[in-house]
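Working notes, beginning with the structure itself.
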Amino acid sequence: MSNVQRFGATGDGETDDTEAIRHAIRDGDGMLHFPPGTYRITQPLEIALEKSGPLGIDGTSGTARIVMAGAGPAFRLIGTHGGTGDPSSVKGNVYPSQRLPTIKNIEIEGAHPEADGIEMIQTMQSVFEGILIRRCRHGIHLIERNRNVLISHCHLYHNTGAGVFLDHVNLHQINIASNHISYNRLGGIRIEGSVIRNLQITGNDIEYNNHAQFKTEPEPTAEIYIDTTEPGSSVNEVTVASNTIQATDSPAGCNILIRESAEGTARPPGLWTITGNIIGSQENNVHLIGCYGVTVTGNCIYSGANRNLLIEDSRQINVGSNTFRRHTPAMNTGVRIVRSMDVTLTGCSIFDEHPDGQPTGASLLELVECERINVSGSQMLDGVPCGIDVKNSSHVSITGCTIHDTRENRKSEHAIRFTGQGRGNLIGMNSIGTTTENALSIEERSGVRIETNVIEAE
C-alpha cells in the first residue's frame, strides 16, 4: 500500500500535507493508505483515474482524518466514462484502470467555508463506505456523469450544503443505503438539474436537514429534495424505503419534496415508490408537485406544520395503507390534493387526536379542483370542520370509509362536505358518525349521488 507517511505526510494536524499526499498519488501503487493521524491539506487532491489506474483510499478503520483547509473538495476523482451502464458502452481503459474507485473508513472535516468532501466526475462503479464528512459544504458531490454508485455506512453530518448532492449529473444506478445523513443545511439528499434513473434510498436515518443548526436565514429544503424544474432534467425509477426521515419545521421545508419538471422538456418525476418509512415534523411531510406515477404506501407520516401529504398538479398517484397523525398540539395532520387526477387513497388512517382541532383549521382530507379520485376503506377521525372536504371536483368516489368524531364533546361540523361545481361524484357504503351540524353537507351543483351509508343519529 502507498502509506502517505512514507511519502512525507506527517499527520500531525499542523503541517500542510498536500504535496506529500500528491507525491503518494503520483508515485504510489494506487492503494492510498492513511495511518492514524490528522492530515491537513489546503488544495484539492485531484486524481485522474485514466492515468493513476485502479484506486483505493483507506483511513485505517476511521482513525485517519483529512482536514480540508482550502476551497474545493478534499478528493476529486475524475474518470473518462461517457457511456451508460451497458457493458458495450464502456470504452478505452475504463474497466482495466478506472472501475471501482473505492473510498472507505476515513473522516473528512472542512476548515474553509467552501471546502467540500468528495467530488466525482465521469466515474464508473465508485464505492463509498464508512466515511464521515462534516463541517464541509457538500459531503459527496456528483457532477457531470457517473454510473453505478454505492454509498453505504457513511455519516454525512453537519455540512453547510447537502449531504449527498446530485448536481446537474447524468447518473444511472445509485444505491444510498444504511447511512446517517443529518444536520445538513441544504438537504440530506439533494438532486437538482439532473437526469437520474435507478435510485434506491433505503435503510437510512435522514434527519434535521435545514438551517436550524446554522443560525442562517431559512432556505427551502428537505431531507430528500428533488428539483426537476430545469429544462431537460428528470428523476425516474426511484425507491425510498425503510428510512427514518424526520426534521424540525422550517419555512417551505419538507421531509420529501419532489418538484415538477419544466413543461414539455422532460418526463415528469415518476416511477417512484415511497414505502415503509417514518416521516415527520416539517412544514409539509411529503410534497409532490407535477408528479406522474408515484406510490406512497405503508408509511407512518406525522406532524406537519401544514400537511402530512400535499399533492399538487399530479396524476396517477396511489396512496395506500398509511397512518397520518400529529403527535403535538402545535402541529397538524391531513392530506390535501389540488388540481390532480387519477389518484387513489385506500386503507389509510387520518387522525386528529387533539380535542380542539388543528391549528390550520383544515379538514382531514381536502380535494380541490380534482378529477377521478377514489377514496376507499379509510378512516378519518376527529376532523374539524370536516373529515372529507371536496371543492370543484368531479368523479370523486368515497366508499367504505369510517368518518367519525370520537371526542366526548364533538367538534366536527360535517363528516363529508361537497362545495362548488362538479359531476359524477359518489358517496356510498360509509360509516358516518354524529357531527355538530349535518353529517353530509352537499351543494346541489356538486353533482353528488348518495347511496347506502350508515349515518349515526344522536
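Letters for chains follow the order of the C-alpha cells (A, B, ...), residue numbers begin at 1 for each chain, and ligand numbers begin at 1 in the order shown.
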(request) Would you list the contacts of Arg40 of chain A as a ChimeraX atom specification, taking every protein, DNA or RNA residue within 7 Å and counting only C-alpha atoms, but skipping same-chain residues closer than 2 positions in sequence? (result) /A:13-17,38,42,66-69
(request) List every residue of segment 68-286 of chain A that DSSP, applied to the backbone, labels as strand (DSSP E), and write the result as a ChimeraX atom specification. (result) /A:68,72-78,102-104,107-110,115-124,127-129,132-134,140-152,155-157,164-177,180-182,189-192,195-202,205-207,222-227,234-241,244-246,254-259,270-275,278-286
(request) Please measure the separation of atom CA of Arg26 of chain A and atom CA of Val169 of chain A, giving the value in Å to one decimal. (result)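 For atom CA of Arg26 of chain A relative to atom CA of Val169 of chain A, the distance reads 27.8 Å.
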(message) Let me make sure I understand: among A:Ile189, A:Asp12, A:Gly163, A:Asn170, which one has the smallest atom-to-atom distance to Gly82 of chain A if we use only C-alpha atoms?
(response) A:Asn170
(request) Compile the contact shell of Ala305 of chain A as a PyMOL selection string: residues with an atom at most 6 Å away, counting only C-alpha atoms, same-chain residues fewer than 3 positions apart removed. (result) chain A and resi 283+331-332
Written file, previous selection with N, CA and C atoms, as a PDB file, in the first residue's frame:
ATOM      1  N   GLU A 283     -42.796  21.404   7.528  1.00  0.00           N
ATOM      2  CA  GLU A 283     -43.954  22.177   7.094  1.00  0.00           C
ATOM      3  C   GLU A 283     -44.924  21.283   6.321  1.00  0.00           C
ATOM      4  N   MET A 331     -48.711  21.098  15.944  1.00  0.00           N
ATOM      5  CA  MET A 331     -48.574  20.694  14.552  1.00  0.00           C
ATOM      6  C   MET A 331     -49.931  20.274  13.989  1.00  0.00           C
ATOM      7  N   ASN A 332     -49.916  19.815  12.738  1.00  0.00           N
ATOM      8  CA  ASN A 332     -51.150  19.472  12.037  1.00  0.00           C
ATOM      9  C   ASN A 332     -51.028  18.104  11.388  1.00  0.00           C
TER      10      ASN A 332
END
(request) Might you pull out every residue within 8 Å of segment 127-137 of chain A, with only C-alpha atoms counted and same-chain residues fewer than 3 positions away left off, and present them as a PyMOL selection string? (result) chain A and resi 62+100-117+149-162
(message) Which residues are close to segment 245-250 of chain A, i.e. within 6 Å by only C-alpha atoms, leaving aside same-chain residues fewer than 6 positions away? Reply as JSON, numbers by chain.
(response) {"A": [206, 207, 208, 278, 279, 280, 281, 282, 283]}
Write out, as an mmCIF file, in the first residue's frame, the residues just selected, with N, CA and C atoms.
data_model
loop_
_atom_site.group_PDB
_atom_site.id
_atom_site.type_symbol
_atom_site.label_atom_id
_atom_site.label_comp_id
_atom_site.auth_asym_id
_atom_site.auth_seq_id
_atom_site.Cartn_x
_atom_site.Cartn_y
_atom_site.Cartn_z
ATOM 1 N N ILE A 206 -32.256 9.956 8.061
ATOM 2 C CA ILE A 206 -32.088 11.238 7.365
ATOM 3 C C ILE A 206 -32.882 12.268 8.157
ATOM 4 N N GLU A 207 -32.183 13.142 8.888
ATOM 5 C CA GLU A 207 -32.875 13.989 9.858
ATOM 6 C C GLU A 207 -32.303 15.404 9.929
ATOM 7 N N TYR A 208 -33.184 16.358 10.243
ATOM 8 C CA TYR A 208 -32.834 17.726 10.650
ATOM 9 C C TYR A 208 -31.977 18.457 9.616
ATOM 10 N N ILE A 278 -40.693 6.112 8.295
ATOM 11 C CA ILE A 278 -41.194 7.017 9.340
ATOM 12 C C ILE A 278 -40.849 8.422 8.875
ATOM 13 N N ILE A 279 -41.872 9.273 8.695
ATOM 14 C CA ILE A 279 -41.679 10.592 8.083
ATOM 15 C C ILE A 279 -42.395 11.622 8.955
ATOM 16 N N GLY A 280 -41.674 12.643 9.436
ATOM 17 C CA GLY A 280 -42.385 13.588 10.284
ATOM 18 C C GLY A 280 -41.684 14.889 10.575
ATOM 19 N N SER A 281 -42.499 15.841 11.062
ATOM 20 C CA SER A 281 -42.075 17.112 11.637
ATOM 21 C C SER A 281 -41.402 18.024 10.616
ATOM 22 N N GLN A 282 -42.198 18.498 9.665
ATOM 23 C CA GLN A 282 -41.764 19.553 8.751
ATOM 24 C C GLN A 282 -42.999 20.341 8.335
ATOM 25 N N GLU A 283 -42.796 21.404 7.528
ATOM 26 C CA GLU A 283 -43.954 22.177 7.094
ATOM 27 C C GLU A 283 -44.924 21.283 6.321
#
(request) Figure out the distance between atom CA of Asp27 of chain A and atom CA of Ser2 of chain A, please, to one decimal in Å. (result)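 About the pair atom CA of Ser2 of chain A and atom CA of Asp27 of chain A: they are 8.6 Å apart.
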(request) May I have the residues within 9 Å of Leu364 of chain A as an MDAnalysis selection string, using only C-alpha atoms and disregarding those fewer than 6 positions away in the same chain? (result) chainID A and resid 333:336 350:352 380:389
(message) With distances taken over only C-alpha atoms, which residue among A:His354, A:Lys391, A:Lys51, A:Arg326 lies nearest Thr419 of chain A?
(response) A:Lys391
(request) Tell me which protein, DNA and RNA residues are within 12 Å of Glu217 of chain A, counting only C-alpha atoms, leaving out same-chain ones fewer than 5 positions away, and put them as a ChimeraX atom specification. (result) /A:185-186,210-212,250-251
(request) Grab the atom CA of Ala24 of chain A to atom CA of Thr123 of chain A distance for me, in Å with one decimal place. (result)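 Pair atom CA of Ala24 of chain A / atom CA of Thr123 of chain A returns 21.0 Å.
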